[in-house]
Amino acid sequence: MPVMTYPGAANVSERRSAPPLLAISTVIFALRPSAKSGRPTLWIPLVRRIREPYLDQWALPGGPLSHAESLQDAAARNLLETTSLAPNYLEQLYAFGGLHRSPAQRVVSIVYWALVQPTEAALADDSENVKWFRADRVPELAFDHNEIVEYALWRLRNKLEYGQLAYHFLGEYFTLSQLREVYEAVLDRQLDPANFRRQLKASAHIEETDQYLQGGKHRPPRLYRFTGTPGLDIENRSNHD
């Protein structure tokens with residue numbers, strides 16, 4: 001990432017002597033329909049920076065950490081202030097502390113991620129300073145936020161466990177087709193329905209119910225539910241430099 005300068009930036013000696021700042025950033029994943037196919041795809045909201053450095057450039061929601069709040073509270077507060085979102089699922093992902101990720105004083109960012117359902121995501125409508133982007137097609141972002149998004153997407157794809165994503169993206173009850181669409185959106189590829197169904201049947205945390213999805217033109221599909229413990233079981237105690 002090229003180092004940028006702006007009025008008031010610290011010189012080299014000041015930069016080396018100043019203690020690092022702590023900040024919070026959050027990657028928010030949600031399913032939204034594709035404009036072309038209408039099928040669910042993976043999206044994230046970004047905010048437009050209103051000050052230097054990187055004025056007017058898109059970035060992850062975030063801000064400095066205050067002395068009077070926990071990391072979790074700071075992440076939740078910042079999300080509400082910047083995007084109007086209050087996700088039910090918010091978990092610490094990683095720490096990014098590269099030496100040159102900010103053009104002025106060194107900044108260490110504690111990165112959280114959130115998985116939100118469509119009803120939650122609808123609360124963060126597009127505006128002049130908040131906009132949704134395909135997770136795999138984000139523009140050039142401020143700081144090292146492209147690297148953070150890529151890392152979060154990689155972790156999400158490598159932490160798939162049948163059922164847990166259904167809980168966070170779809171709610172307690174879902175059809176097998178809805179669940180498969182979640183996995184296809186996250187992996188960005190189509191899955192064989194028969195193989196997917198067999199894998200689901202082998203899962204200890206997916207349970208069929210006696211309820212059916214109503215409102216369609218054909219025979220209503222059966223609803224299933226997730227019975228495991230919510231969470232992605234992320235090893236989030238390491239730093240990323």
# chains A, B, ... in the order shown; residues from 1 in each chain; ligands from 1
>>> residues_around(residues="Pro45 in chain A", least_positions_apart="4", cutoff="8 Å", atoms="only C-alpha atoms", output="PDB file with C-alpha atoms, in the first residue's frame")
ATOM      1  CA  VAL A  27     -16.559  -6.335   7.878  1.00  0.00           C
ATOM      2  CA  ILE A  28     -20.317  -6.888   7.559  1.00  0.00           C
ATOM      3  CA  PHE A  29     -21.451  -9.759   5.337  1.00  0.00           C
ATOM      4  CA  LEU A  60     -14.769  -0.289   6.173  1.00  0.00           C
ATOM      5  CA  PRO A  61     -16.953   1.071   8.975  1.00  0.00           C
ATOM      6  CA  THR A  83     -24.345   2.299   9.066  1.00  0.00           C
ATOM      7  CA  ALA A 124     -28.436   0.147   6.106  1.00  0.00           C
ATOM      8  CA  VAL A 130     -22.904   4.389   2.886  1.00  0.00           C
ATOM      9  CA  LYS A 131     -23.035   1.992  -0.049  1.00  0.00           C
ATOM     10  CA  TRP A 132     -23.250  -1.779  -0.508  1.00  0.00           C
ATOM     11  CA  PHE A 133     -20.677  -3.561  -2.703  1.00  0.00           C
TER      12      PHE A 133
END
>>> select_by_dssp(residues="range 84-217 of chain A", states="strand (DSSP E or B)", output="PDB file with N, CA and C atoms, in the first residue's frame")
ATOM      1  N   LEU A  90     -21.852 -10.526  16.058  1.00  0.00           N
ATOM      2  CA  LEU A  90     -20.675  -9.664  15.922  1.00  0.00           C
ATOM      3  C   LEU A  90     -19.539 -10.326  16.677  1.00  0.00           C
ATOM      4  N   GLU A  91     -18.451 -10.654  15.971  1.00  0.00           N
ATOM      5  CA  GLU A  91     -17.369 -11.414  16.575  1.00  0.00           C
ATOM      6  C   GLU A  91     -16.024 -10.865  16.132  1.00  0.00           C
ATOM      7  N   GLN A  92     -15.058 -10.899  17.044  1.00  0.00           N
ATOM      8  CA  GLN A  92     -13.717 -10.419  16.717  1.00  0.00           C
ATOM      9  C   GLN A  92     -13.058 -11.363  15.715  1.00  0.00           C
ATOM     10  N   LEU A  93     -12.457 -10.786  14.692  1.00  0.00           N
ATOM     11  CA  LEU A  93     -11.847 -11.569  13.614  1.00  0.00           C
ATOM     12  C   LEU A  93     -10.338 -11.631  13.731  1.00  0.00           C
ATOM     13  N   TYR A  94      -9.683 -10.465  13.766  1.00  0.00           N
ATOM     14  CA  TYR A  94      -8.232 -10.429  13.710  1.00  0.00           C
ATOM     15  C   TYR A  94      -7.748  -9.034  14.079  1.00  0.00           C
ATOM     16  N   ALA A  95      -6.428  -8.894  14.288  1.00  0.00           N
ATOM     17  CA  ALA A  95      -5.813  -7.586  14.519  1.00  0.00           C
ATOM     18  C   ALA A  95      -4.837  -7.286  13.391  1.00  0.00           C
ATOM     19  N   PHE A  96      -4.936  -6.104  12.815  1.00  0.00           N
ATOM     20  CA  PHE A  96      -4.050  -5.666  11.743  1.00  0.00           C
ATOM     21  C   PHE A  96      -3.181  -4.534  12.283  1.00  0.00           C
ATOM     22  N   VAL A 107      -1.360   2.985  13.438  1.00  0.00           N
ATOM     23  CA  VAL A 107      -2.683   2.581  13.901  1.00  0.00           C
ATOM     24  C   VAL A 107      -2.767   1.061  13.892  1.00  0.00           C
ATOM     25  N   VAL A 108      -3.200   0.487  15.004  1.00  0.00           N
ATOM     26  CA  VAL A 108      -3.482  -0.935  15.097  1.00  0.00           C
ATOM     27  C   VAL A 108      -5.000  -1.095  15.134  1.00  0.00           C
ATOM     28  N   SER A 109      -5.547  -1.856  14.190  1.00  0.00           N
ATOM     29  CA  SER A 109      -6.994  -2.030  14.091  1.00  0.00           C
ATOM     30  C   SER A 109      -7.411  -3.411  14.576  1.00  0.00           C
ATOM     31  N   ILE A 110      -8.344  -3.427  15.514  1.00  0.00           N
ATOM     32  CA  ILE A 110      -8.995  -4.661  15.928  1.00  0.00           C
ATOM     33  C   ILE A 110     -10.200  -4.841  15.013  1.00  0.00           C
ATOM     34  N   VAL A 111     -10.176  -5.888  14.203  1.00  0.00           N
ATOM     35  CA  VAL A 111     -11.200  -6.069  13.175  1.00  0.00           C
ATOM     36  C   VAL A 111     -12.252  -7.063  13.664  1.00  0.00           C
ATOM     37  N   TYR A 112     -13.499  -6.655  13.563  1.00  0.00           N
ATOM     38  CA  TYR A 112     -14.639  -7.516  13.846  1.00  0.00           C
ATOM     39  C   TYR A 112     -15.327  -7.870  12.533  1.00  0.00           C
ATOM     40  N   TRP A 113     -16.124  -8.917  12.588  1.00  0.00           N
ATOM     41  CA  TRP A 113     -16.997  -9.161  11.454  1.00  0.00           C
ATOM     42  C   TRP A 113     -18.385  -9.509  11.946  1.00  0.00           C
ATOM     43  N   ALA A 114     -19.350  -9.223  11.087  1.00  0.00           N
ATOM     44  CA  ALA A 114     -20.760  -9.453  11.409  1.00  0.00           C
ATOM     45  C   ALA A 114     -21.407 -10.181  10.246  1.00  0.00           C
ATOM     46  N   LEU A 115     -22.310 -11.098  10.566  1.00  0.00           N
ATOM     47  CA  LEU A 115     -23.132 -11.773   9.575  1.00  0.00           C
ATOM     48  C   LEU A 115     -24.567 -11.348   9.848  1.00  0.00           C
ATOM     49  N   VAL A 116     -25.222 -10.754   8.855  1.00  0.00           N
ATOM     50  CA  VAL A 116     -26.550 -10.201   9.101  1.00  0.00           C
ATOM     51  C   VAL A 116     -27.576 -10.814   8.159  1.00  0.00           C
ATOM     52  N   VAL A 130     -22.855   5.816   2.580  1.00  0.00           N
ATOM     53  CA  VAL A 130     -22.904   4.389   2.886  1.00  0.00           C
ATOM     54  C   VAL A 130     -23.417   3.659   1.649  1.00  0.00           C
ATOM     55  N   LYS A 131     -22.656   2.689   1.179  1.00  0.00           N
ATOM     56  CA  LYS A 131     -23.035   1.992  -0.049  1.00  0.00           C
ATOM     57  C   LYS A 131     -22.651   0.524   0.063  1.00  0.00           C
ATOM     58  N   TRP A 132     -23.517  -0.344  -0.497  1.00  0.00           N
ATOM     59  CA  TRP A 132     -23.250  -1.779  -0.508  1.00  0.00           C
ATOM     60  C   TRP A 132     -22.471  -2.168  -1.761  1.00  0.00           C
ATOM     61  N   PHE A 133     -21.498  -3.065  -1.600  1.00  0.00           N
ATOM     62  CA  PHE A 133     -20.677  -3.561  -2.703  1.00  0.00           C
ATOM     63  C   PHE A 133     -20.623  -5.081  -2.635  1.00  0.00           C
ATOM     64  N   ARG A 134     -20.513  -5.712  -3.822  1.00  0.00           N
ATOM     65  CA  ARG A 134     -20.252  -7.144  -3.841  1.00  0.00           C
ATOM     66  C   ARG A 134     -18.951  -7.417  -3.095  1.00  0.00           C
ATOM     67  N   TYR A 173     -35.242 -21.054  10.924  1.00  0.00           N
ATOM     68  CA  TYR A 173     -35.849 -22.040  10.024  1.00  0.00           C
ATOM     69  C   TYR A 173     -35.499 -21.715   8.574  1.00  0.00           C
ATOM     70  N   PHE A 174     -35.258 -22.753   7.777  1.00  0.00           N
ATOM     71  CA  PHE A 174     -34.852 -22.553   6.386  1.00  0.00           C
ATOM     72  C   PHE A 174     -35.104 -23.839   5.615  1.00  0.00           C
ATOM     73  N   ILE A 206     -28.312 -30.269  11.961  1.00  0.00           N
ATOM     74  CA  ILE A 206     -29.425 -29.894  11.108  1.00  0.00           C
ATOM     75  C   ILE A 206     -30.577 -30.847  11.395  1.00  0.00           C
ATOM     76  N   GLU A 207     -31.713 -30.296  11.725  1.00  0.00           N
ATOM     77  CA  GLU A 207     -32.853 -31.114  12.109  1.00  0.00           C
ATOM     78  C   GLU A 207     -34.071 -30.717  11.282  1.00  0.00           C
ATOM     79  N   GLU A 208     -34.726 -31.709  10.681  1.00  0.00           N
ATOM     80  CA  GLU A 208     -35.929 -31.396   9.944  1.00  0.00           C
ATOM     81  C   GLU A 208     -37.088 -31.179  10.909  1.00  0.00           C
ATOM     82  N   THR A 209     -38.006 -30.321  10.499  1.00  0.00           N
ATOM     83  CA  THR A 209     -39.168 -30.019  11.334  1.00  0.00           C
ATOM     84  C   THR A 209     -40.425 -30.540  10.639  1.00  0.00           C
ATOM     85  N   ASP A 210     -41.561 -30.383  11.289  1.00  0.00           N
ATOM     86  CA  ASP A 210     -42.831 -30.768  10.682  1.00  0.00           C
ATOM     87  C   ASP A 210     -43.517 -29.564  10.040  1.00  0.00           C
ATOM     88  N   GLN A 211     -42.741 -28.501   9.799  1.00  0.00           N
ATOM     89  CA  GLN A 211     -43.269 -27.290   9.181  1.00  0.00           C
ATOM     90  C   GLN A 211     -42.816 -27.196   7.729  1.00  0.00           C
ATOM     91  N   TYR A 212     -43.578 -26.436   6.935  1.00  0.00           N
ATOM     92  CA  TYR A 212     -43.281 -26.284   5.514  1.00  0.00           C
ATOM     93  C   TYR A 212     -43.348 -24.809   5.139  1.00  0.00           C
TER      94      TYR A 212
END
>>> closest_residue(among="A:Arg39, A:Arg157, A:Arg77, A:Arg32", to="Glu181 in chain A", atoms="only C-alpha atoms")
A:Arg39
>>> closest_residue(among="A:Leu99, A:Leu21, A:Ala86, A:Leu42", to="His67 in chain A", atoms="only C-alpha atoms")
A:Leu21
>>> atom_distance(atom1="CA of Lys36 in chain A", atom2="CA of Ser177 in chain A")
19.4 Å
>>> residues_around(residues="range 143-146 of chain A", least_positions_apart="2", cutoff="8 Å", atoms="only C-alpha atoms", output="ChimeraX atom specification")
/A:1,54,59-60,101-102,138,140-141,148-150
>>> select_by_dssp(residues="range 8-181 of chain A", states="alpha helix (DSSP H)", output="PyMOL selection string")
chain A and resi 12-17+71-83+118-121+145-158+164-170+176-181
